[in-house]
file my_file27.txt (compact mmCIF, C-alpha atoms)
# COMPACT_ATOMS: atom_id res chain seq x y z
CA MET A 375 0.00 0.00 0.00
CA GLN A 376 2.85 2.39 0.85
CA ASN A 377 4.47 1.79 -2.57
CA GLU A 378 1.22 2.62 -4.36
CA ILE A 379 0.88 5.88 -2.42
CA GLU A 380 4.52 6.75 -3.19
CA ALA A 381 3.97 6.01 -6.87
CA LEU A 382 0.88 8.21 -6.93
CA SER A 383 2.79 11.04 -5.30
CA PHE A 384 4.84 11.36 -8.49
CA LEU A 385 1.72 11.76 -10.66
CA PRO A 386 1.74 15.59 -10.45
CA VAL A 387 5.38 15.58 -11.54
CA TYR A 388 4.59 13.46 -14.59
CA PHE A 389 1.61 15.66 -15.42
CA LEU A 390 3.68 18.85 -15.14
CA VAL A 391 6.55 17.43 -17.20
CA ALA A 392 4.14 16.22 -19.90
CA THR A 393 2.42 19.61 -19.96
CA LEU A 394 5.75 21.43 -20.30
CA LEU A 395 6.95 19.09 -23.08
CA ILE A 396 3.73 19.36 -25.09
CA ALA A 397 3.63 23.14 -24.62
CA THR A 398 7.25 23.43 -25.73
CA LEU A 399 6.67 21.38 -28.86
CA SER A 400 3.50 23.31 -29.66
CA ASP A 401 5.21 26.65 -29.14
CA LEU A 402 8.18 25.68 -31.29
CA MET A 403 6.00 24.38 -34.12
CA THR A 404 3.05 26.80 -34.09
CA HIS A 405 3.98 29.63 -31.70
CA ARG A 406 0.84 28.81 -29.76
CA ILE A 407 0.21 27.11 -26.41
CA PRO A 408 -3.35 25.80 -26.52
CA ASN A 409 -5.81 26.38 -23.71
CA ASN A 410 -7.04 22.80 -24.09
CA LEU A 411 -3.63 21.78 -22.72
CA LEU A 412 -3.39 24.37 -19.96
CA ILE A 413 -6.91 24.18 -18.49
CA PRO A 414 -6.80 20.43 -17.69
CA ALA A 415 -3.28 20.81 -16.29
CA LEU A 416 -4.42 23.63 -14.01
CA ALA A 417 -7.46 21.63 -12.91
CA PHE A 418 -5.24 18.66 -12.14
CA ALA A 419 -2.79 20.78 -10.13
CA LEU A 420 -5.57 22.31 -8.04
CA LEU A 421 -7.30 18.97 -7.53
CA ALA A 422 -4.11 17.12 -6.58
CA SER A 423 -3.08 19.87 -4.18
CA SER A 424 -6.45 19.98 -2.48
CA VAL A 425 -6.80 16.19 -2.23
CA ALA A 426 -3.35 15.73 -0.71
CA GLY A 427 -3.03 18.95 1.27
CA GLY A 428 -6.60 20.01 1.98
CA ILE A 429 -7.36 23.71 2.06
CA THR A 430 -3.68 24.49 2.74
CA GLY A 431 -2.59 22.59 -0.36
CA LEU A 432 -5.22 24.37 -2.44
CA ALA A 433 -4.17 27.76 -1.04
CA LEU A 434 -0.50 27.06 -1.83
CA SER A 435 -1.41 25.96 -5.33
CA LEU A 436 -3.49 29.11 -5.94
CA ALA A 437 -0.73 31.29 -4.52
CA GLY A 438 1.80 29.63 -6.83
CA MET A 439 -0.51 30.23 -9.76
CA GLY A 440 -0.75 33.89 -8.80
CA VAL A 441 3.03 34.26 -8.51
CA GLY A 442 3.59 32.61 -11.90
CA LEU A 443 0.96 34.85 -13.47
CA ALA A 444 2.35 37.99 -11.86
CA MET A 445 5.90 37.28 -13.03
CA LEU A 446 5.11 37.26 -16.76
CA LEU A 447 1.98 39.43 -16.94
CA PRO A 448 3.95 42.73 -17.18
CA VAL A 449 5.98 41.33 -20.09
CA TYR A 450 2.74 40.34 -21.83
CA ALA A 451 1.26 43.79 -21.14
CA LEU A 452 4.25 45.34 -22.93
CA GLY A 453 3.52 43.14 -25.96
CA ALA A 454 6.75 41.19 -25.67
CA MET A 455 5.18 37.80 -24.92
CA GLY A 456 2.09 35.81 -25.76
CA ALA A 457 -0.68 35.02 -23.32
CA GLY A 458 0.02 31.29 -23.59
CA ASP A 459 3.46 31.79 -22.08
CA VAL A 460 1.98 33.69 -19.14
CA LYS A 461 -0.64 30.99 -18.59
CA LEU A 462 1.98 28.23 -18.83
CA LEU A 463 4.05 29.70 -15.99
CA ALA A 464 0.85 30.23 -13.98
CA VAL A 465 -0.04 26.54 -14.43
CA ALA A 466 3.49 25.51 -13.46
CA GLY A 467 3.16 27.77 -10.41
CA ALA A 468 -0.01 25.92 -9.42
CA PHE A 469 2.07 22.74 -9.29
CA LEU A 470 5.07 24.38 -7.62
CA GLY A 471 3.55 26.66 -4.99
CA PRO A 472 4.56 30.29 -4.43
CA HIS A 473 8.22 29.77 -3.58
CA GLY A 474 8.73 27.29 -6.41
CA ALA A 475 6.89 29.57 -8.85
CA LEU A 476 9.13 32.48 -7.88
CA MET A 477 12.26 30.37 -8.42
CA ALA A 478 10.91 29.00 -11.71
CA GLY A 479 10.08 32.51 -12.88
CA LEU A 480 13.53 33.85 -12.05
CA PHE A 481 15.21 30.90 -13.77
CA THR A 482 12.83 31.35 -16.71
CA PHE A 483 14.09 34.91 -17.18
CA ILE A 484 17.68 33.66 -17.17
CA ALA A 485 16.94 30.78 -19.54
CA GLY A 486 14.96 33.14 -21.78
CA ALA A 487 17.90 35.54 -21.97
CA VAL A 488 20.31 32.75 -22.90
CA LEU A 489 17.96 31.20 -25.47
CA GLY A 490 17.18 34.68 -26.79
CA LEU A 491 20.87 35.33 -27.45
CA PHE A 492 21.06 32.11 -29.45
CA TRP A 493 17.92 33.10 -31.37
CA ILE A 494 19.41 36.52 -32.18
CA ALA A 495 22.69 34.93 -33.29
CA HIS A 496 20.76 32.55 -35.55
CA ARG A 497 18.80 35.45 -37.05
CA LEU A 498 21.98 37.44 -37.68
CA LEU A 499 23.90 34.54 -39.20
CA ARG A 500 21.16 33.24 -41.45
CA PRO A 501 21.40 36.04 -44.06
CA SER A 502 25.14 35.39 -44.41
CA VAL A 503 24.45 31.69 -44.94
CA ILE A 504 21.92 32.50 -47.67
CA HIS A 505 24.40 34.91 -49.24
CA GLY A 506 27.10 32.21 -49.08
CA LEU A 507 24.83 29.70 -50.82
CA SER A 508 24.11 32.23 -53.55
CA ARG A 509 27.84 32.90 -54.10
CA PHE A 510 28.60 29.15 -54.09
CA ALA A 511 25.90 28.50 -56.71
CA GLU A 512 27.11 31.41 -58.82
CA THR A 513 30.75 30.29 -58.65
CA TYR A 514 30.34 26.56 -59.14
CA LEU A 515 27.13 26.30 -61.12
CA GLY A 516 27.92 29.17 -63.45
CA ARG A 517 24.80 31.21 -63.05
CA SER A 518 23.21 33.57 -60.60
CA TRP A 519 20.87 31.90 -58.17
CA GLN A 520 18.47 33.70 -55.92
CA PHE A 521 17.85 32.02 -52.59
CA ALA A 522 14.79 34.00 -51.69
CA GLN A 523 13.75 34.13 -48.10
CA VAL A 524 10.45 32.51 -47.33
CA SER A 525 7.53 34.78 -46.76
CA ILE A 526 7.76 36.75 -43.57
CA ASP A 527 5.29 35.53 -41.03
CA ARG A 528 4.88 35.55 -37.28
CA LYS A 529 7.38 32.71 -36.78
CA GLU A 530 10.13 34.77 -38.36
CA HIS A 531 9.91 37.54 -35.79
CA THR A 532 8.85 35.85 -32.58
CA PHE A 533 10.69 33.77 -30.07
CA ALA A 534 9.10 30.63 -28.63
CA TYR A 535 9.30 31.15 -24.86
CA ALA A 536 7.90 27.80 -23.64
CA PRO A 537 11.37 26.18 -23.81
CA ALA A 538 12.64 28.87 -21.45
CA ILE A 539 9.74 28.23 -19.07
CA ALA A 540 10.41 24.47 -19.15
CA ALA A 541 14.10 25.12 -18.47
CA GLY A 542 13.19 27.52 -15.65
CA VAL A 543 10.98 24.92 -13.99
CA ALA A 544 13.69 22.25 -14.37
CA LEU A 545 16.28 24.59 -12.83
CA ALA A 546 13.91 25.38 -9.96
CA PHE A 547 13.58 21.64 -9.25
CA TRP A 548 17.35 21.29 -9.31
CA GLN A 549 18.02 24.35 -7.16
CA LEU A 550 15.40 23.61 -4.53
CA GLY A 551 16.17 19.88 -4.41
CA TRP A 552 12.54 19.11 -3.79
CA GLU A 553 11.15 15.88 -2.56
CA PHE A 554 7.98 15.02 -4.40
CA PRO A 555 5.05 15.55 -4.55
CA LEU A 556 5.35 19.15 -5.57
CA VAL A 557 3.26 21.72 -3.72
CA ILE A 558 1.45 19.08 -1.69
CA GLY A 559 2.39 19.32 1.91
CA GLY A 560 4.21 22.64 1.81
call {"tool": "encode", "arguments": {"input": "my_file27.txt", "output": "structure tokens"}}
result
Amino acid sequence: MQNEIEALSFLPVYFLVATLLIATLSDLMTHRIPNNLLIPALAFALLASSVAGGITGLALSLAGMGVGLAMLLPVYALGAMGAGDVKLLAVAGAFLGPHGALMAGLFTFIAGAVLGLFWIAHRLLRPSVIHGLSRFAETYLGRSWQFAQVSIDRKEHTFAYAPAIAAGVALAFWQLGWEFPLVIGG
């Protein structure tokens, strides 16, 4: 019986990790994080916290959600981030509690800065690669080739932030050295 309870205590971890992975893939591919992923994850976090920790667990989960929301909401208000990113950190905060959400948010900013530098470097280097391909084709194929850039769309000018949030949550786990389950029990 004790082993079954221990195994169930990891269920919120699996749910959070799955949510972060799916959100990251969705954000990378479509630059969207769907509500039909985030709403069930939030419901699960609140339910698991209240079942295991009673009203205290539910209060910690709601406080974590509020901290996660508050950390990214100003960035969204400035137009520098999508609403899905804000909601994703809020959902993660519901799993992590207020202290964990604060740590995850701080690490998310750091991870976002690092990933953003790589994104900028990629954007700056890509035109030189296209130019290099054009010169190669002209030199070795004997004619001028135009490697036109694909049509400019939202993906060209936005940065998928879900990977930074996933990295921030992972770093918060590592830094805090938590025993599982997450917010349940304090």
call {"tool": "closest_residue", "arguments": {"input": "my_file27.txt", "among": "A:Thr482, A:Gly467, A:Phe547, A:Leu412", "to": "Ser400 in chain A", "atoms": "all atoms listed in the file"}}
result
A:Leu412
call {"tool": "atom_distance", "arguments": {"input": "my_file27.txt", "atom1": "CA of Leu446 in chain A", "atom2": "CA of Leu491 in chain A"}}
result
19.1 Å
call {"tool": "atom_distance", "arguments": {"input": "my_file27.txt", "atom1": "CA of Ala419 in chain A", "atom2": "CA of Pro386 in chain A"}}
result
6.9 Å
call {"tool": "residues_near_point", "arguments": {"input": "my_file27.txt", "point": "(0.6, 21.2, -12.4)", "cutoff": "8 Å", "atoms": "all atoms listed in the file", "output": "list in words"}}
result
Pro386, Val387, Phe389, Leu390, Thr393, Ala415, Leu416, Phe418, Ala419, Leu420, Val465, Ala466, Gly467, Ala468, Phe469 and Leu470 of chain A
call {"tool": "residues_near_point", "arguments": {"input": "my_file27.txt", "point": "(0.8, 27.7, -20.6)", "cutoff": "7 Å", "atoms": "all atoms listed in the file", "output": "count of residues only"}}
result
10
call {"tool": "atom_distance", "arguments": {"input": "my_file27.txt", "atom1": "CA of Thr430 in chain A", "atom2": "CA of Leu443 in chain A"}}
result
19.8 Å
call {"tool": "residues_around", "arguments": {"input": "my_file27.txt", "residues": "Leu550 in chain A", "least_positions_apart": "3", "cutoff": "9 Å", "atoms": "only C-alpha atoms", "output": "list in words"}}
result
Gly474, Met477, Leu545, Ala546 and Phe547 of chain A
call {"tool": "write_last_selection", "arguments": {"input": "my_file27.txt", "atoms": "C-alpha atoms", "output": "PDB file, in the coordinates of the input"}}
result
ATOM      1  CA  GLY A 474       8.730  27.290  -6.410  1.00  0.00           C
ATOM      2  CA  MET A 477      12.260  30.370  -8.420  1.00  0.00           C
ATOM      3  CA  LEU A 545      16.280  24.590 -12.830  1.00  0.00           C
ATOM      4  CA  ALA A 546      13.910  25.380  -9.960  1.00  0.00           C
ATOM      5  CA  PHE A 547      13.580  21.640  -9.250  1.00  0.00           C
TER       6      PHE A 547
END
call {"tool": "axis_aligned_box", "arguments": {"input": "my_file27.txt", "around": "range 490-495 of chain A", "padding_each_side": "5 Å", "output": "JSON"}}
result
{"center_x": 19.9, "center_y": 34.3, "center_z": -30.0, "size_x": 15.5, "size_y": 14.4, "size_z": 16.5}
call {"tool": "closest_residue", "arguments": {"input": "my_file27.txt", "among": "A:Gly456, A:Gly551, A:Gly542, A:Pro408", "to": "Ala478 in chain A", "atoms": "only C-alpha atoms"}}
result
A:Gly542
call {"tool": "decode", "arguments": {"input": "my_file27.txt", "residues": "range 418-462 of chain A", "atoms": "N, CA and C atoms", "output": "mmCIF file, in the first residue's frame"}}
result
data_model
loop_
_atom_site.group_PDB
_atom_site.id
_atom_site.type_symbol
_atom_site.label_atom_id
_atom_site.label_comp_id
_atom_site.auth_asym_id
_atom_site.auth_seq_id
_atom_site.Cartn_x
_atom_site.Cartn_y
_atom_site.Cartn_z
ATOM 1 N N PHE A 418 -5.915 19.760 -12.810
ATOM 2 C CA PHE A 418 -5.239 18.656 -12.145
ATOM 3 C C PHE A 418 -4.379 19.150 -10.986
ATOM 4 N N ALA A 419 -3.645 20.235 -11.199
ATOM 5 C CA ALA A 419 -2.787 20.777 -10.133
ATOM 6 C C ALA A 419 -3.616 21.185 -8.921
ATOM 7 N N LEU A 420 -4.716 21.871 -9.155
ATOM 8 C CA LEU A 420 -5.574 22.314 -8.043
ATOM 9 C C LEU A 420 -6.217 21.130 -7.334
ATOM 10 N N LEU A 421 -6.675 20.160 -8.111
ATOM 11 C CA LEU A 421 -7.303 18.973 -7.526
ATOM 12 C C LEU A 421 -6.297 18.165 -6.716
ATOM 13 N N ALA A 422 -5.126 17.903 -7.282
ATOM 14 C CA ALA A 422 -4.113 17.115 -6.576
ATOM 15 C C ALA A 422 -3.671 17.809 -5.299
ATOM 16 N N SER A 423 -3.507 19.117 -5.366
ATOM 17 C CA SER A 423 -3.081 19.866 -4.177
ATOM 18 C C SER A 423 -4.141 19.832 -3.085
ATOM 19 N N SER A 424 -5.396 19.974 -3.485
ATOM 20 C CA SER A 424 -6.451 19.981 -2.476
ATOM 21 C C SER A 424 -6.721 18.592 -1.912
ATOM 22 N N VAL A 425 -6.596 17.555 -2.726
ATOM 23 C CA VAL A 425 -6.798 16.188 -2.229
ATOM 24 C C VAL A 425 -5.705 15.821 -1.233
ATOM 25 N N ALA A 426 -4.471 16.139 -1.564
ATOM 26 C CA ALA A 426 -3.353 15.732 -0.713
ATOM 27 C C ALA A 426 -3.095 16.693 0.442
ATOM 28 N N GLY A 427 -3.380 17.975 0.241
ATOM 29 C CA GLY A 427 -3.032 18.953 1.271
ATOM 30 C C GLY A 427 -4.207 19.703 1.854
ATOM 31 N N GLY A 428 -5.426 19.329 1.455
ATOM 32 C CA GLY A 428 -6.597 20.012 1.982
ATOM 33 C C GLY A 428 -6.630 21.467 1.542
ATOM 34 N N ILE A 429 -7.227 22.285 2.382
ATOM 35 C CA ILE A 429 -7.363 23.707 2.063
ATOM 36 C C ILE A 429 -5.996 24.390 1.990
ATOM 37 N N THR A 430 -5.035 23.916 2.787
ATOM 38 C CA THR A 430 -3.684 24.487 2.744
ATOM 39 C C THR A 430 -3.021 24.180 1.408
ATOM 40 N N GLY A 431 -3.156 22.956 0.941
ATOM 41 C CA GLY A 431 -2.595 22.592 -0.360
ATOM 42 C C GLY A 431 -3.207 23.398 -1.490
ATOM 43 N N LEU A 432 -4.537 23.571 -1.425
ATOM 44 C CA LEU A 432 -5.221 24.366 -2.445
ATOM 45 C C LEU A 432 -4.763 25.824 -2.393
ATOM 46 N N ALA A 433 -4.623 26.372 -1.187
ATOM 47 C CA ALA A 433 -4.175 27.760 -1.043
ATOM 48 C C ALA A 433 -2.753 27.944 -1.578
ATOM 49 N N LEU A 434 -1.868 26.988 -1.305
ATOM 50 C CA LEU A 434 -0.503 27.063 -1.830
ATOM 51 C C LEU A 434 -0.491 26.968 -3.351
ATOM 52 N N SER A 435 -1.332 26.114 -3.895
ATOM 53 C CA SER A 435 -1.413 25.963 -5.335
ATOM 54 C C SER A 435 -1.924 27.248 -5.986
ATOM 55 N N LEU A 436 -2.961 27.842 -5.412
ATOM 56 C CA LEU A 436 -3.495 29.106 -5.940
ATOM 57 C C LEU A 436 -2.483 30.239 -5.811
ATOM 58 N N ALA A 437 -1.761 30.268 -4.702
ATOM 59 C CA ALA A 437 -0.726 31.295 -4.520
ATOM 60 C C ALA A 437 0.387 31.120 -5.547
ATOM 61 N N GLY A 438 0.790 29.886 -5.808
ATOM 62 C CA GLY A 438 1.803 29.626 -6.829
ATOM 63 C C GLY A 438 1.334 30.045 -8.208
ATOM 64 N N MET A 439 0.064 29.795 -8.496
ATOM 65 C CA MET A 439 -0.506 30.226 -9.763
ATOM 66 C C MET A 439 -0.446 31.751 -9.880
ATOM 67 N N GLY A 440 -0.784 32.429 -8.802
ATOM 68 C CA GLY A 440 -0.746 33.889 -8.800
ATOM 69 C C GLY A 440 0.660 34.442 -8.992
ATOM 70 N N VAL A 441 1.640 33.818 -8.356
ATOM 71 C CA VAL A 441 3.033 34.259 -8.512
ATOM 72 C C VAL A 441 3.490 34.050 -9.953
ATOM 73 N N GLY A 442 3.204 32.880 -10.513
ATOM 74 C CA GLY A 442 3.585 32.612 -11.902
ATOM 75 C C GLY A 442 2.943 33.595 -12.861
ATOM 76 N N LEU A 443 1.677 33.892 -12.633
ATOM 77 C CA LEU A 443 0.958 34.850 -13.468
ATOM 78 C C LEU A 443 1.558 36.247 -13.337
ATOM 79 N N ALA A 444 1.826 36.646 -12.110
ATOM 80 C CA ALA A 444 2.352 37.989 -11.858
ATOM 81 C C ALA A 444 3.752 38.192 -12.434
ATOM 82 N N MET A 445 4.521 37.125 -12.545
ATOM 83 C CA MET A 445 5.896 37.276 -13.033
ATOM 84 C C MET A 445 5.941 37.604 -14.523
ATOM 85 N N LEU A 446 5.043 37.041 -15.314
ATOM 86 C CA LEU A 446 5.110 37.259 -16.759
ATOM 87 C C LEU A 446 4.048 38.221 -17.283
ATOM 88 N N LEU A 447 3.053 38.552 -16.472
ATOM 89 C CA LEU A 447 1.984 39.432 -16.938
ATOM 90 C C LEU A 447 2.493 40.805 -17.391
ATOM 91 N N PRO A 448 3.442 41.435 -16.689
ATOM 92 C CA PRO A 448 3.946 42.727 -17.184
ATOM 93 C C PRO A 448 4.633 42.613 -18.553
ATOM 94 N N VAL A 449 5.319 41.520 -18.796
ATOM 95 C CA VAL A 449 5.982 41.327 -20.091
ATOM 96 C C VAL A 449 4.933 41.187 -21.188
ATOM 97 N N TYR A 450 3.856 40.473 -20.889
ATOM 98 C CA TYR A 450 2.740 40.342 -21.830
ATOM 99 C C TYR A 450 2.094 41.702 -22.076
ATOM 100 N N ALA A 451 1.899 42.473 -21.017
ATOM 101 C CA ALA A 451 1.261 43.787 -21.143
ATOM 102 C C ALA A 451 2.077 44.720 -22.040
ATOM 103 N N LEU A 452 3.384 44.534 -22.063
ATOM 104 C CA LEU A 452 4.250 45.337 -22.935
ATOM 105 C C LEU A 452 4.248 44.823 -24.376
ATOM 106 N N GLY A 453 3.594 43.702 -24.617
ATOM 107 C CA GLY A 453 3.516 43.137 -25.960
ATOM 108 C C GLY A 453 4.714 42.301 -26.351
ATOM 109 N N ALA A 454 5.537 41.934 -25.382
ATOM 110 C CA ALA A 454 6.753 41.188 -25.672
ATOM 111 C C ALA A 454 6.586 39.685 -25.493
ATOM 112 N N MET A 455 5.392 39.222 -25.196
ATOM 113 C CA MET A 455 5.179 37.802 -24.924
ATOM 114 C C MET A 455 3.716 37.476 -25.183
ATOM 115 N N GLY A 456 3.467 36.240 -25.538
ATOM 116 C CA GLY A 456 2.094 35.808 -25.759
ATOM 117 C C GLY A 456 1.406 35.397 -24.464
ATOM 118 N N ALA A 457 0.099 35.389 -24.500
ATOM 119 C CA ALA A 457 -0.685 35.024 -23.318
ATOM 120 C C ALA A 457 -0.468 33.568 -22.924
ATOM 121 N N GLY A 458 -0.210 32.702 -23.899
ATOM 122 C CA GLY A 458 0.020 31.290 -23.586
ATOM 123 C C GLY A 458 1.229 31.091 -22.702
ATOM 124 N N ASP A 459 2.265 31.883 -22.914
ATOM 125 C CA ASP A 459 3.457 31.789 -22.080
ATOM 126 C C ASP A 459 3.139 32.179 -20.640
ATOM 127 N N VAL A 460 2.363 33.228 -20.479
ATOM 128 C CA VAL A 460 1.980 33.685 -19.141
ATOM 129 C C VAL A 460 1.161 32.602 -18.441
ATOM 130 N N LYS A 461 0.208 32.033 -19.173
ATOM 131 C CA LYS A 461 -0.640 30.994 -18.587
ATOM 132 C C LYS A 461 0.159 29.734 -18.264
ATOM 133 N N LEU A 462 1.162 29.424 -19.094
ATOM 134 C CA LEU A 462 1.981 28.228 -18.830
ATOM 135 C C LEU A 462 2.745 28.371 -17.519
#
